[in-house]
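For reference, entry23.txt (compact mmCIF, C-alpha atoms and all ligand atoms):
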```txt
# COMPACT_ATOMS: atom_id res chain seq x y z
CA MET B 9 -161.65 -8.68 125.97
CA LEU B 10 -162.34 -9.31 129.62
CA VAL B 11 -159.99 -11.82 131.15
CA ASP B 12 -161.62 -14.46 133.35
CA ASN B 13 -159.51 -13.75 136.41
CA HIS B 14 -160.47 -10.04 136.27
CA PRO B 15 -164.24 -10.12 136.18
CA PRO B 16 -165.90 -6.70 136.05
CA VAL B 17 -166.73 -5.32 139.49
CA HIS B 18 -169.37 -2.99 140.89
CA ALA B 19 -168.56 0.69 141.28
CA THR B 20 -167.58 1.33 144.92
CA MET B 21 -170.53 2.31 147.06
CA ASP B 22 -168.51 4.83 149.03
CA GLN B 23 -171.34 7.33 149.42
CA PHE B 24 -172.34 5.71 152.75
CA ALA B 25 -170.11 5.98 155.81
CA TYR B 26 -169.43 3.14 158.25
CA SER B 27 -169.41 3.24 162.02
CA GLY B 28 -168.32 0.36 164.26
CA GLY B 29 -168.27 -1.97 161.24
CA GLU B 30 -171.83 -1.06 160.29
CA LEU B 31 -173.17 0.83 157.33
CA THR B 32 -174.79 4.11 158.37
CA VAL B 33 -177.63 6.02 156.74
CA GLY B 34 -177.87 9.67 157.78
CA ASN B 35 -175.18 8.88 160.39
CA VAL B 36 -177.37 6.22 162.04
CA PRO B 37 -175.82 2.72 162.16
CA LEU B 38 -177.99 0.06 160.59
CA THR B 39 -178.89 -1.88 163.76
CA GLN B 40 -180.06 1.31 165.45
CA LEU B 41 -181.89 2.39 162.33
CA ALA B 42 -183.71 -0.95 162.10
CA ALA B 43 -184.77 -0.53 165.73
CA ARG B 44 -186.00 2.95 164.97
CA VAL B 45 -187.97 1.80 161.94
CA GLY B 46 -189.38 -1.09 163.96
CA GLN B 47 -189.30 -3.69 161.22
CA THR B 48 -187.45 -5.05 158.28
CA PRO B 49 -187.61 -4.78 155.32
CA PHE B 50 -187.35 -1.05 154.78
CA TYR B 51 -185.98 1.52 152.40
CA ALA B 52 -183.85 4.30 153.87
CA TYR B 53 -182.93 7.50 152.02
CA ASP B 54 -180.11 9.72 153.20
CA ARG B 55 -180.96 13.44 153.34
CA ALA B 56 -177.33 14.55 153.25
CA LEU B 57 -176.69 12.46 150.13
CA LEU B 58 -179.75 13.92 148.40
CA ARG B 59 -178.60 17.45 149.24
CA GLY B 60 -175.04 16.63 148.21
CA ARG B 61 -176.07 15.25 144.85
CA VAL B 62 -178.07 18.33 143.94
CA ALA B 63 -175.25 20.62 145.13
CA GLN B 64 -172.65 18.70 143.11
CA LEU B 65 -174.81 18.94 140.00
CA ARG B 66 -175.54 22.65 140.49
CA HIS B 67 -171.82 23.19 140.66
CA VAL B 68 -171.39 22.00 137.06
CA LEU B 69 -174.68 23.23 135.57
CA PRO B 70 -174.86 26.75 134.15
CA PRO B 71 -177.08 28.90 136.41
CA ALA B 72 -179.46 29.54 133.51
CA VAL B 73 -180.50 25.88 133.34
CA LYS B 74 -183.42 24.86 135.53
CA LEU B 75 -183.13 21.57 137.37
CA HIS B 76 -186.36 19.61 137.74
CA TYR B 77 -187.00 16.48 139.76
CA ALA B 78 -189.07 13.76 138.04
CA LEU B 79 -191.28 12.34 140.78
CA LYS B 80 -191.71 8.99 139.10
CA ALA B 81 -188.28 7.93 140.39
CA ASN B 82 -189.34 8.26 144.03
CA PRO B 83 -192.66 9.82 145.05
CA LEU B 84 -192.30 9.38 148.84
CA PRO B 85 -193.91 12.61 150.17
CA ALA B 86 -191.14 13.29 152.72
CA LEU B 87 -188.48 12.93 150.04
CA VAL B 88 -190.46 15.05 147.58
CA GLY B 89 -190.73 17.70 150.32
CA LEU B 90 -186.96 17.76 150.70
CA MET B 91 -186.41 17.84 146.94
CA ALA B 92 -188.89 20.73 146.68
CA SER B 93 -186.46 22.84 148.68
CA LEU B 94 -183.50 21.88 146.46
CA VAL B 95 -184.67 21.92 142.83
CA ASP B 96 -186.32 24.52 140.58
CA GLY B 97 -189.37 22.51 139.63
CA MET B 98 -190.87 19.06 139.29
CA ASP B 99 -192.18 16.78 136.59
CA VAL B 100 -195.22 14.67 137.33
CA ALA B 101 -196.91 12.01 135.26
CA SER B 102 -200.26 11.40 136.96
CA SER B 103 -202.80 13.21 139.11
CA GLY B 104 -201.44 11.26 142.09
CA GLU B 105 -197.94 12.63 141.52
CA LEU B 106 -199.40 16.08 140.91
CA LYS B 107 -201.00 16.00 144.36
CA VAL B 108 -197.74 14.94 146.04
CA ALA B 109 -195.82 17.74 144.29
CA LEU B 110 -198.38 20.43 145.12
CA ASP B 111 -198.67 19.20 148.72
CA ALA B 112 -194.88 19.47 148.98
CA GLY B 113 -195.18 23.17 148.20
CA VAL B 114 -193.74 23.23 144.69
CA ASN B 115 -194.72 26.35 142.77
CA PRO B 116 -197.30 25.16 140.17
CA ALA B 117 -195.69 27.49 137.62
CA GLU B 118 -192.63 25.22 137.84
CA VAL B 119 -194.45 21.89 137.54
CA SER B 120 -194.88 20.05 134.26
CA PHE B 121 -197.27 17.20 133.66
CA ALA B 122 -196.26 14.54 131.12
CA GLY B 123 -197.52 11.10 130.21
CA PRO B 124 -199.50 9.35 127.48
CA GLY B 125 -203.20 8.69 128.03
CA LYS B 126 -204.01 11.56 130.36
CA ARG B 127 -207.61 11.17 131.49
CA GLY B 128 -210.15 13.98 131.21
CA THR B 129 -210.17 14.44 134.98
CA GLU B 130 -206.37 14.68 135.02
CA LEU B 131 -206.32 17.34 132.31
CA ARG B 132 -208.94 19.29 134.26
CA GLN B 133 -206.93 19.01 137.50
CA ALA B 134 -203.78 20.06 135.68
CA VAL B 135 -205.41 23.16 134.17
CA ALA B 136 -207.01 24.11 137.49
CA SER B 137 -203.60 23.70 139.18
CA GLY B 138 -201.91 26.01 136.70
CA VAL B 139 -199.17 23.56 135.79
CA LEU B 140 -197.55 23.17 132.37
CA ILE B 141 -199.11 20.30 130.43
CA ASN B 142 -196.89 18.41 128.02
CA ILE B 143 -199.16 17.56 125.12
CA GLU B 144 -198.50 14.00 124.00
CA SER B 145 -201.30 13.52 121.49
CA VAL B 146 -203.36 15.61 119.07
CA ARG B 147 -206.40 14.44 121.07
CA GLU B 148 -205.31 16.57 124.02
CA VAL B 149 -205.75 19.88 122.16
CA PRO B 150 -209.57 19.81 121.83
CA ALA B 151 -209.84 18.24 125.27
CA LEU B 152 -207.80 21.07 126.79
CA GLU B 153 -209.72 23.67 124.80
CA ARG B 154 -212.97 22.43 126.41
CA VAL B 155 -211.49 22.38 129.91
CA SER B 156 -209.99 25.86 129.45
CA MET B 157 -213.36 27.30 128.38
CA GLU B 158 -215.15 25.61 131.24
CA LEU B 159 -212.69 26.79 133.90
CA GLY B 160 -212.03 30.18 132.33
CA LEU B 161 -208.29 29.44 132.47
CA ALA B 162 -206.13 28.97 129.41
CA ALA B 163 -204.25 25.70 129.68
CA ARG B 164 -200.47 26.19 129.77
CA VAL B 165 -199.03 23.75 127.26
CA ALA B 166 -195.77 22.49 125.83
CA VAL B 167 -195.45 19.94 123.06
CA ARG B 168 -193.69 16.71 123.88
CA VAL B 169 -191.90 15.84 120.69
CA ASN B 170 -191.10 12.29 119.68
CA PRO B 171 -187.85 13.06 117.88
CA ASP B 172 -186.40 11.36 114.84
CA PHE B 173 -183.37 10.17 116.84
CA GLU B 174 -182.72 8.03 119.92
CA LEU B 175 -180.54 8.51 122.99
CA LYS B 176 -177.71 6.11 122.14
CA GLY B 177 -176.83 3.56 124.80
CA SER B 178 -179.68 4.25 127.19
CA GLY B 179 -181.29 1.55 129.29
CA MET B 180 -184.82 2.51 128.25
CA LYS B 181 -185.58 4.32 125.02
CA MET B 182 -188.37 6.86 125.36
CA GLY B 183 -188.11 8.62 122.02
CA GLY B 184 -187.23 7.96 118.39
CA GLY B 185 -189.02 5.47 116.16
CA PRO B 186 -192.65 4.55 116.83
CA LYS B 187 -193.49 5.47 120.45
CA PRO B 188 -196.63 5.99 122.54
CA PHE B 189 -194.92 9.09 124.02
CA GLY B 190 -195.11 12.53 122.54
CA VAL B 191 -196.07 13.61 119.05
CA ASP B 192 -193.92 12.62 116.09
CA VAL B 193 -191.84 15.58 114.97
CA GLU B 194 -193.40 15.39 111.49
CA GLN B 195 -196.83 16.14 112.99
CA VAL B 196 -195.71 18.94 115.29
CA PRO B 197 -196.12 21.94 112.91
CA SER B 198 -199.81 21.18 112.37
CA LEU B 199 -200.25 20.50 116.10
CA LEU B 200 -198.74 23.91 116.87
CA ALA B 201 -201.22 25.54 114.52
CA SER B 202 -204.11 23.80 116.27
CA ILE B 203 -202.80 24.90 119.67
CA GLY B 204 -202.83 28.50 118.39
CA ARG B 205 -206.40 28.15 117.05
CA ALA B 206 -207.60 26.61 120.32
CA GLY B 207 -206.26 29.60 122.26
CA LEU B 208 -204.12 27.52 124.60
CA ALA B 209 -201.17 29.21 126.30
CA PHE B 210 -198.25 27.75 124.35
CA GLU B 211 -194.95 27.77 126.24
CA GLY B 212 -192.51 25.44 124.58
CA PHE B 213 -191.17 22.00 123.88
CA HIS B 214 -190.37 18.87 125.84
CA LEU B 215 -188.02 16.16 124.61
CA PHE B 216 -187.15 13.03 126.53
CA ALA B 217 -185.04 10.64 124.53
CA GLY B 218 -184.24 7.93 127.08
CA SER B 219 -183.25 6.89 130.56
CA GLN B 220 -180.29 5.35 132.47
CA ASN B 221 -177.41 6.51 130.28
CA LEU B 222 -173.85 6.42 131.61
CA ARG B 223 -172.13 8.00 128.60
CA ALA B 224 -171.75 11.77 128.80
CA GLU B 225 -171.09 12.11 125.09
CA SER B 226 -174.38 10.37 124.20
CA ILE B 227 -176.30 12.64 126.56
CA CYS B 228 -174.59 15.74 125.12
CA GLU B 229 -175.39 14.60 121.60
CA ALA B 230 -179.05 14.02 122.47
CA GLN B 231 -179.24 17.45 124.15
CA GLN B 232 -177.73 19.14 121.09
CA LYS B 233 -180.11 17.37 118.73
CA SER B 234 -183.06 18.11 121.02
CA PHE B 235 -182.15 21.76 121.20
CA ALA B 236 -181.72 22.02 117.42
CA LEU B 237 -185.09 20.39 116.94
CA ALA B 238 -186.77 22.82 119.35
CA GLU B 239 -185.07 25.71 117.57
CA ARG B 240 -186.36 24.49 114.21
CA LEU B 241 -189.89 23.87 115.52
CA SER B 242 -189.97 27.30 117.17
CA GLN B 243 -190.42 28.76 113.66
CA ASP B 244 -193.92 27.26 113.63
CA ALA B 245 -194.81 28.13 117.22
CA PRO B 246 -197.95 30.21 117.83
CA SER B 247 -196.03 32.39 120.33
CA ALA B 248 -192.55 32.85 121.72
CA VAL B 249 -190.93 29.76 123.19
CA ARG B 250 -190.52 30.19 126.94
CA SER B 251 -189.36 26.74 127.94
CA VAL B 252 -187.28 24.00 126.33
CA ASN B 253 -187.18 20.86 128.44
CA LEU B 254 -184.29 18.74 127.20
CA GLY B 255 -185.17 15.71 129.32
CA GLY B 256 -182.57 13.86 131.33
CA GLY B 257 -181.43 10.31 130.99
CA PHE B 258 -178.53 10.62 133.47
CA GLY B 259 -177.75 7.13 134.72
CA ILE B 260 -176.17 5.64 137.84
CA PRO B 261 -173.97 2.53 137.98
CA TYR B 262 -175.89 -0.60 138.92
CA PHE B 263 -174.03 -3.53 137.46
CA PRO B 264 -170.47 -4.86 137.40
CA GLY B 265 -168.31 -2.91 134.98
CA GLU B 266 -170.43 0.27 135.09
CA GLN B 267 -168.79 3.56 136.07
CA ARG B 268 -170.33 6.75 137.39
CA LEU B 269 -171.40 9.29 134.77
CA ASP B 270 -169.08 12.27 134.29
CA VAL B 271 -171.42 15.27 134.44
CA VAL B 272 -168.73 17.93 133.80
CA PRO B 273 -168.93 17.72 129.98
CA ILE B 274 -172.72 17.78 130.21
CA GLY B 275 -172.54 21.04 132.17
CA GLN B 276 -170.23 22.53 129.53
CA ASN B 277 -172.52 21.37 126.75
CA LEU B 278 -175.54 22.93 128.45
CA ALA B 279 -173.65 26.21 128.91
CA GLN B 280 -173.12 26.34 125.13
CA LEU B 281 -176.79 25.55 124.50
CA ALA B 282 -177.86 28.22 126.99
CA ASP B 283 -175.78 30.74 124.99
CA ARG B 284 -177.43 29.64 121.78
CA ALA B 285 -180.85 29.86 123.44
CA ARG B 286 -180.19 33.46 124.50
CA ARG B 287 -179.73 34.37 120.83
CA ALA B 288 -182.25 32.10 119.11
CA MET B 289 -185.06 31.92 121.67
CA PRO B 290 -184.38 34.80 124.07
CA GLU B 291 -187.41 34.14 126.25
CA ALA B 292 -186.74 30.44 126.63
CA ALA B 293 -185.47 28.79 129.82
CA LEU B 294 -183.64 25.50 129.41
CA VAL B 295 -184.81 22.75 131.73
CA ILE B 296 -183.44 19.32 132.51
CA GLU B 297 -185.53 16.76 134.37
CA LEU B 298 -183.83 14.05 136.35
CA GLY B 299 -185.20 11.29 138.52
CA ARG B 300 -182.84 8.41 139.05
CA TYR B 301 -179.65 10.48 139.03
CA LEU B 302 -180.85 12.75 141.84
CA VAL B 303 -182.15 10.11 144.23
CA GLY B 304 -181.00 6.65 143.16
CA GLU B 305 -177.63 6.55 144.92
CA ALA B 306 -179.01 8.01 148.16
CA GLY B 307 -181.16 5.01 149.05
CA VAL B 308 -180.69 1.48 150.35
CA TYR B 309 -183.11 -1.40 150.75
CA VAL B 310 -182.54 -3.25 154.01
CA THR B 311 -183.77 -6.77 154.59
CA ARG B 312 -183.04 -9.29 157.35
CA ILE B 313 -181.70 -12.76 156.72
CA LEU B 314 -184.25 -15.31 157.93
CA ASP B 315 -182.54 -18.50 156.92
CA ARG B 316 -179.20 -19.77 155.80
CA LYS B 317 -179.46 -22.98 153.84
CA THR B 318 -177.45 -25.04 151.43
CA SER B 319 -178.91 -26.72 148.39
CA ARG B 320 -176.56 -29.12 146.64
CA ASP B 321 -173.40 -27.00 146.67
CA GLN B 322 -174.99 -23.56 146.68
CA THR B 323 -175.61 -21.42 149.79
CA PHE B 324 -178.81 -19.39 149.95
CA LEU B 325 -179.50 -16.61 152.39
CA VAL B 326 -183.28 -16.28 152.50
CA CYS B 327 -184.34 -12.73 153.35
CA ASP B 328 -187.59 -11.19 154.59
CA GLY B 329 -187.57 -8.82 151.59
CA GLY B 330 -187.48 -9.46 147.90
CA LEU B 331 -188.98 -8.69 144.53
CA HIS B 332 -192.34 -7.61 145.92
CA HIS B 333 -190.56 -4.55 147.36
CA HIS B 334 -187.66 -4.27 144.96
CA LEU B 335 -188.55 -5.57 141.56
CA ALA B 336 -185.57 -3.89 139.90
CA ALA B 337 -182.96 -5.58 142.11
CA SER B 338 -184.51 -8.95 141.29
CA GLY B 339 -183.82 -8.24 137.63
CA ASN B 340 -187.45 -8.15 136.56
CA PHE B 341 -187.84 -4.41 135.81
CA GLY B 342 -186.65 -4.04 132.26
CA GLN B 343 -183.47 -6.12 132.39
CA ILE B 344 -182.84 -8.56 129.59
CA LEU B 345 -180.12 -10.60 131.30
CA ARG B 346 -180.32 -10.70 135.09
CA LYS B 347 -177.36 -8.96 136.74
CA ASN B 348 -176.64 -8.29 140.39
CA TYR B 349 -177.17 -4.91 142.00
CA PRO B 350 -174.41 -3.92 144.43
CA VAL B 351 -175.25 -5.67 147.69
CA THR B 352 -173.55 -6.07 151.07
CA ILE B 353 -174.14 -7.44 154.54
CA GLY B 354 -174.71 -4.10 156.24
CA ASN B 355 -173.61 -5.08 159.75
CA LYS B 356 -170.51 -6.96 158.54
CA ALA B 357 -169.52 -4.72 155.73
CA LEU B 358 -165.84 -4.20 156.51
CA GLY B 359 -163.18 -6.89 156.44
CA GLY B 360 -163.87 -10.42 157.66
CA PRO B 361 -164.23 -13.63 155.66
CA THR B 362 -166.29 -13.74 152.48
CA GLU B 363 -168.11 -16.46 150.58
CA ILE B 364 -170.13 -16.92 147.41
CA VAL B 365 -173.86 -16.90 148.20
CA SER B 366 -177.21 -16.13 146.67
CA LEU B 367 -179.77 -13.90 148.37
CA ALA B 368 -183.31 -15.15 147.88
CA GLY B 369 -186.50 -13.39 148.89
CA PRO B 370 -189.42 -15.01 150.71
CA LEU B 371 -191.67 -15.34 147.67
CA CYS B 372 -192.51 -18.73 146.24
CA THR B 373 -191.08 -17.99 142.79
CA PRO B 374 -187.60 -18.50 141.33
CA LEU B 375 -187.73 -14.88 140.14
CA ASP B 376 -187.31 -13.70 143.74
CA LEU B 377 -183.54 -13.35 143.85
CA LEU B 378 -181.76 -10.27 145.23
CA ALA B 379 -178.27 -11.57 144.44
CA ASP B 380 -177.15 -14.52 142.37
CA ARG B 381 -173.87 -16.18 143.45
CA MET B 382 -172.16 -13.04 144.73
CA THR B 383 -169.08 -12.74 146.92
CA LEU B 384 -170.33 -11.30 150.23
CA PRO B 385 -169.19 -11.18 153.85
CA VAL B 386 -170.14 -14.43 155.61
CA ALA B 387 -173.58 -13.85 157.12
CA GLN B 388 -175.95 -15.58 159.51
CA GLU B 389 -179.64 -15.43 160.36
CA GLY B 390 -180.46 -12.01 161.79
CA ASP B 391 -177.86 -10.12 159.76
CA PHE B 392 -178.89 -7.34 157.38
CA ALA B 393 -178.59 -7.74 153.64
CA VAL B 394 -178.45 -4.29 152.03
CA VAL B 395 -179.14 -3.47 148.40
CA PHE B 396 -177.45 -0.24 147.27
CA GLN B 397 -178.58 2.09 144.46
CA SER B 398 -182.16 1.70 145.68
CA GLY B 399 -183.33 5.30 145.98
CA ALA B 400 -185.10 5.29 142.59
CA TYR B 401 -187.66 2.93 141.06
CA GLY B 402 -187.82 0.87 144.25
CA ALA B 403 -190.90 0.64 146.45
CA SER B 404 -193.27 2.48 144.11
CA ALA B 405 -192.14 0.38 141.13
CA SER B 406 -192.69 -2.99 142.80
CA PRO B 407 -195.70 -5.34 143.10
CA GLN B 408 -196.14 -5.12 146.89
CA ASN B 409 -199.32 -7.18 146.96
CA PHE B 410 -197.83 -10.13 145.14
CA LEU B 411 -198.01 -13.08 147.58
CA GLY B 412 -199.42 -11.10 150.47
CA HIS B 413 -196.29 -10.38 152.50
CA PRO B 414 -196.13 -7.31 154.76
CA ALA B 415 -195.66 -3.93 153.07
CA CYS B 416 -192.29 -2.26 153.34
CA ILE B 417 -191.65 1.01 155.11
CA GLU B 418 -189.71 3.94 153.66
CA VAL B 419 -187.82 6.41 155.82
CA LEU B 420 -185.86 9.57 155.17
CA VAL B 421 -182.89 9.84 157.52
C1 LIG O 1 -189.22 8.74 133.70
C2 LIG O 1 -189.13 10.10 133.25
C3 LIG O 1 -188.12 10.95 133.76
C4 LIG O 1 -187.10 10.49 134.75
O1 LIG O 1 -186.20 9.59 134.20
P1 LIG O 1 -184.89 9.16 135.01
O2 LIG O 1 -184.24 8.17 134.14
O3 LIG O 1 -185.35 8.60 136.32
O4 LIG O 1 -184.07 10.38 135.22
C5 LIG O 1 -188.07 12.24 133.31
N1 LIG O 1 -188.97 12.70 132.41
C6 LIG O 1 -189.94 11.92 131.90
C7 LIG O 1 -190.88 12.48 130.91
C8 LIG O 1 -190.05 10.61 132.29
O5 LIG O 1 -191.00 9.84 131.78
```

Can you give me the file's structure in the form of structure tokens?
Amino acid sequence: MLVDNHPPVHATMDQFAYSGGELTVGNVPLTQLAARVGQTPFYAYDRALLRGRVAQLRHVLPPAVKLHYALKANPLPALVGLMASLVDGMDVASSGELKVALDAGVNPAEVSFAGPGKRGTELRQAVASGVLINIESVREVPALERVSMELGLAARVAVRVNPDFELKGSGMKMGGGPKPFGVDVEQVPSLLASIGRAGLAFEGFHLFAGSQNLRAESICEAQQKSFALAERLSQDAPSAVRSVNLGGGFGIPYFPGEQRLDVVPIGQNLAQLADRARRAMPEAALVIELGRYLVGEAGVYVTRILDRKTSRDQTFLVCDGGLHHHLAASGNFGQILRKNYPVTIGNKALGGPTEIVSLAGPLCTPLDLLADRMTLPVAQEGDFAVVFQSGAYGASASPQNFLGHPACIEVLV
């Protein structure tokens, strides 16, 4: 039981350094960075933190496992360009993301294209690009057969399997039970036969059980079950399995009480699976695809305090940024009970008096709250409120046009 006088706290946001009492991003203190950007609000992503996260993960992953970046988490072209130099491949889920990945110079052989409801034009673009298409519906087989004939290029395909298990304890479940994603495992053998008949270039399997998981043992269990399923399904494959994408689901701590994921046991688990793959599916590469875990902790959302006001006995700091740029921090992107992201006053982050305040955005809706009654350094108009853990599912996952405020800017520092 949690005792009242020891409420759960946020994980420490010690990935960012401080200089002269100010938070820095890419070694640039916040006030200088805001001047460089020319406006608030903005998102800033730290190159060194992105590099460091990939390096730290590579250190624990067996060399045989390919690390992919899932663009959905953050599709900013400059960031995707940096990630292209760090990872082995990318996962895209629309023709728009496909363009960003290809523009960034990713080798099409190492790009996979997932997503339900792929349009005819998207399938055609994917085949012409030479990327691996994760088939998510029986409908896609005849559609890809037509496109392949027309272009004279056999579509490279993998089957996204909707497994008969879930990733336990994940924030968003993407597999198991009835789902619009992938093909139910029961239907996969007949789908594999139709892929063979259609003459598509079969390459393997894709499983993605869920997202935002902070428990290593749950992730290991899902990877083992996913691997075993791929091994079983490989018996019915029209040709040798060359790729088994085990998904991701690695989470980052957002809310009080959450701790950073321990990736060491996941690396060990993957090393065992890579050994098994060498025996059971000797041509198969194991792939993991991560979005949030690679980029989420490397980004902040910076907004300026426009007004400090008291209503009854509550103090509100009204900011120039809010849910239209950062839906997730407002608690409206898949949360059931609203909880606070880690937040600070970026130019008063060390020492000094604190107070309990709420951070409101400028939108005329009670949903626009960046922090609800949080203990923060005492702040005034003109100070910077900073939302941590904002490198993933931020700008691109927010309704920027809602209420017609200025767009936000994103920078890589
Ligand atoms: C969203 C998504 C990802 C990335 O998920 P994260 O939780 O950000 O790591 C990876 N693969 C697929 C198929 C996805 O839909």

Handout entry: At most 9 Å from ligand LIG 1 (chain O) (only C-alpha atoms and all ligand atoms): residue list as a PyMOL selection string
Key = chain B and resi 76-82+99-101+121-123+142+168+179-180+182+189+214-221+255-259+296-304+400-401

Output the selection as a JSON list (two decimals), in the coordinates of the input - C-alpha atoms for each residue.
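What ended up in selection_8.json:
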```
[["chain", "number", "residue", "atom", "x", "y", "z"],
["B", 76, "HIS", "CA", -186.36, 19.61, 137.74],
["B", 77, "TYR", "CA", -187.00, 16.48, 139.76],
["B", 78, "ALA", "CA", -189.07, 13.76, 138.04],
["B", 79, "LEU", "CA", -191.28, 12.34, 140.78],
["B", 80, "LYS", "CA", -191.71, 8.99, 139.10],
["B", 81, "ALA", "CA", -188.28, 7.93, 140.39],
["B", 82, "ASN", "CA", -189.34, 8.26, 144.03],
["B", 99, "ASP", "CA", -192.18, 16.78, 136.59],
["B", 100, "VAL", "CA", -195.22, 14.67, 137.33],
["B", 101, "ALA", "CA", -196.91, 12.01, 135.26],
["B", 121, "PHE", "CA", -197.27, 17.20, 133.66],
["B", 122, "ALA", "CA", -196.26, 14.54, 131.12],
["B", 123, "GLY", "CA", -197.52, 11.10, 130.21],
["B", 142, "ASN", "CA", -196.89, 18.41, 128.02],
["B", 168, "ARG", "CA", -193.69, 16.71, 123.88],
["B", 179, "GLY", "CA", -181.29, 1.55, 129.29],
["B", 180, "MET", "CA", -184.82, 2.51, 128.25],
["B", 182, "MET", "CA", -188.37, 6.86, 125.36],
["B", 189, "PHE", "CA", -194.92, 9.09, 124.02],
["B", 214, "HIS", "CA", -190.37, 18.87, 125.84],
["B", 215, "LEU", "CA", -188.02, 16.16, 124.61],
["B", 216, "PHE", "CA", -187.15, 13.03, 126.53],
["B", 217, "ALA", "CA", -185.04, 10.64, 124.53],
["B", 218, "GLY", "CA", -184.24, 7.93, 127.08],
["B", 219, "SER", "CA", -183.25, 6.89, 130.56],
["B", 220, "GLN", "CA", -180.29, 5.35, 132.47],
["B", 221, "ASN", "CA", -177.41, 6.51, 130.28],
["B", 255, "GLY", "CA", -185.17, 15.71, 129.32],
["B", 256, "GLY", "CA", -182.57, 13.86, 131.33],
["B", 257, "GLY", "CA", -181.43, 10.31, 130.99],
["B", 258, "PHE", "CA", -178.53, 10.62, 133.47],
["B", 259, "GLY", "CA", -177.75, 7.13, 134.72],
["B", 296, "ILE", "CA", -183.44, 19.32, 132.51],
["B", 297, "GLU", "CA", -185.53, 16.76, 134.37],
["B", 298, "LEU", "CA", -183.83, 14.05, 136.35],
["B", 299, "GLY", "CA", -185.20, 11.29, 138.52],
["B", 300, "ARG", "CA", -182.84, 8.41, 139.05],
["B", 301, "TYR", "CA", -179.65, 10.48, 139.03],
["B", 302, "LEU", "CA", -180.85, 12.75, 141.84],
["B", 303, "VAL", "CA", -182.15, 10.11, 144.23],
["B", 304, "GLY", "CA", -181.00, 6.65, 143.16],
["B", 400, "ALA", "CA", -185.10, 5.29, 142.59],
["B", 401, "TYR", "CA", -187.66, 2.93, 141.06]]
```

Problem - Within 8 Å of Asp54 of chain B using all atoms listed in the file, minus same-chain residues under 3 positions, as a list of chain:residue names - result: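 The residues satisfying every condition are B:Val33, B:Gly34, B:Leu57, B:Leu58, B:Ala306, B:Gly307, B:Leu420, B:Val421.
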
Practice task
Would you please work out which residue, of B:Pro414, B:Pro37, B:Gly354, B:Pro370, is nearest to Asp391 of chain B when using only C-alpha atoms?
Solution key: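 Going through B:Pro414, B:Pro37, B:Gly354, B:Pro370 one by one, the smallest distance to Asp391 of chain B is for B:Gly354.
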
Problem - Exercise: Leu314 of chain B partners within 10 Å, all atoms listed in the file, chain neighbours under 5 positions left out, as a list in words - result: Leu325, Val326, Cys327, Asp328, Gly329, Gly369, Pro370, Gln388, Glu389, Gly390, Asp391 and Phe392 of chain B

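Straight-line separation from atom CA of Leu335 of chain B to atom CA of Pro407 of chain B: 7.3 Å.
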
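Distances from B:Gly207, B:Pro49, B:Gly29, B:Gly183 to His334 of chain B were compared using all atoms listed in the file, and the smallest one belongs to B:Pro49.
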
Practice task
Mind checking which residues fall within 10 Å of segment 236-242 of chain B, counting all atoms listed in the file, ignoring those fewer than 2 positions away in the same chain, and posting them as JSON, numbers by chain?
Solution key: {"B": [167, 169, 171, 172, 193, 196, 197, 200, 212, 213, 214, 215, 230, 231, 232, 233, 234, 244, 245, 246, 247, 248, 249, 251, 252, 253, 254, 281, 284, 285, 288, 289]}

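Distances from B:Asn170, B:Gln133, B:Ser145, B:Glu211 to Gly184 of chain B were compared using only C-alpha atoms, and the smallest one belongs to B:Asn170.
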
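Nearest to Gln47 of chain B of all the residues B:Ile141, B:Leu131, B:Ala379, B:Val310 is B:Val310, based on only C-alpha atoms.
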
Handout entry: Shell of 9 Å around Lys74 of chain B, only C-alpha atoms, local chain residues under 5 positions omitted, as a ChimeraX atom specification
Key = /B:69,95-97,253,293-297

Practice task
Could you tell me which of B:Asp376, B:Glu153, B:Glu174, B:Asp192 comes closest to Ala337 of chain B if we count only C-alpha atoms?
Solution key: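 Between B:Asp376, B:Glu153, B:Glu174, B:Asp192, the residue approaching Ala337 of chain B most closely is B:Asp376.
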
Handout entry: Length of the atom CA of Ile143 of chain B to atom CA of Ala166 of chain B vector [Å]
Key =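 Atom CA of Ala166 of chain B lies at a distance of 6.0 Å from atom CA of Ile143 of chain B.
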
Problem - Near-segment 158-163 of chain B list (7 Å; all atoms listed in the file; drop same-chain fewer than 4 positions) as a PyMOL selection string - result: chain B and resi 135+152+154+208-209

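Between Val108 of chain B and the residues B:Ala86, B:Gln195, B:Thr129, B:Ser120, the shortest atom-to-atom distance, using all atoms listed in the file, involves B:Ala86.
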
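The spacing separating atom CA of Arg286 of chain B from atom CA of Ser202 of chain B amounts to 27.1 Å.
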
Per-axis box centre and lengths in Å around segment 403-417 of chain B, 4 Å margin per side, axis-aligned, as JSON:
```
{"center_x": -195.2, "center_y": -5.3, "center_z": 148.1, "size_x": 16.5, "size_y": 23.6, "size_z": 22.0}
```
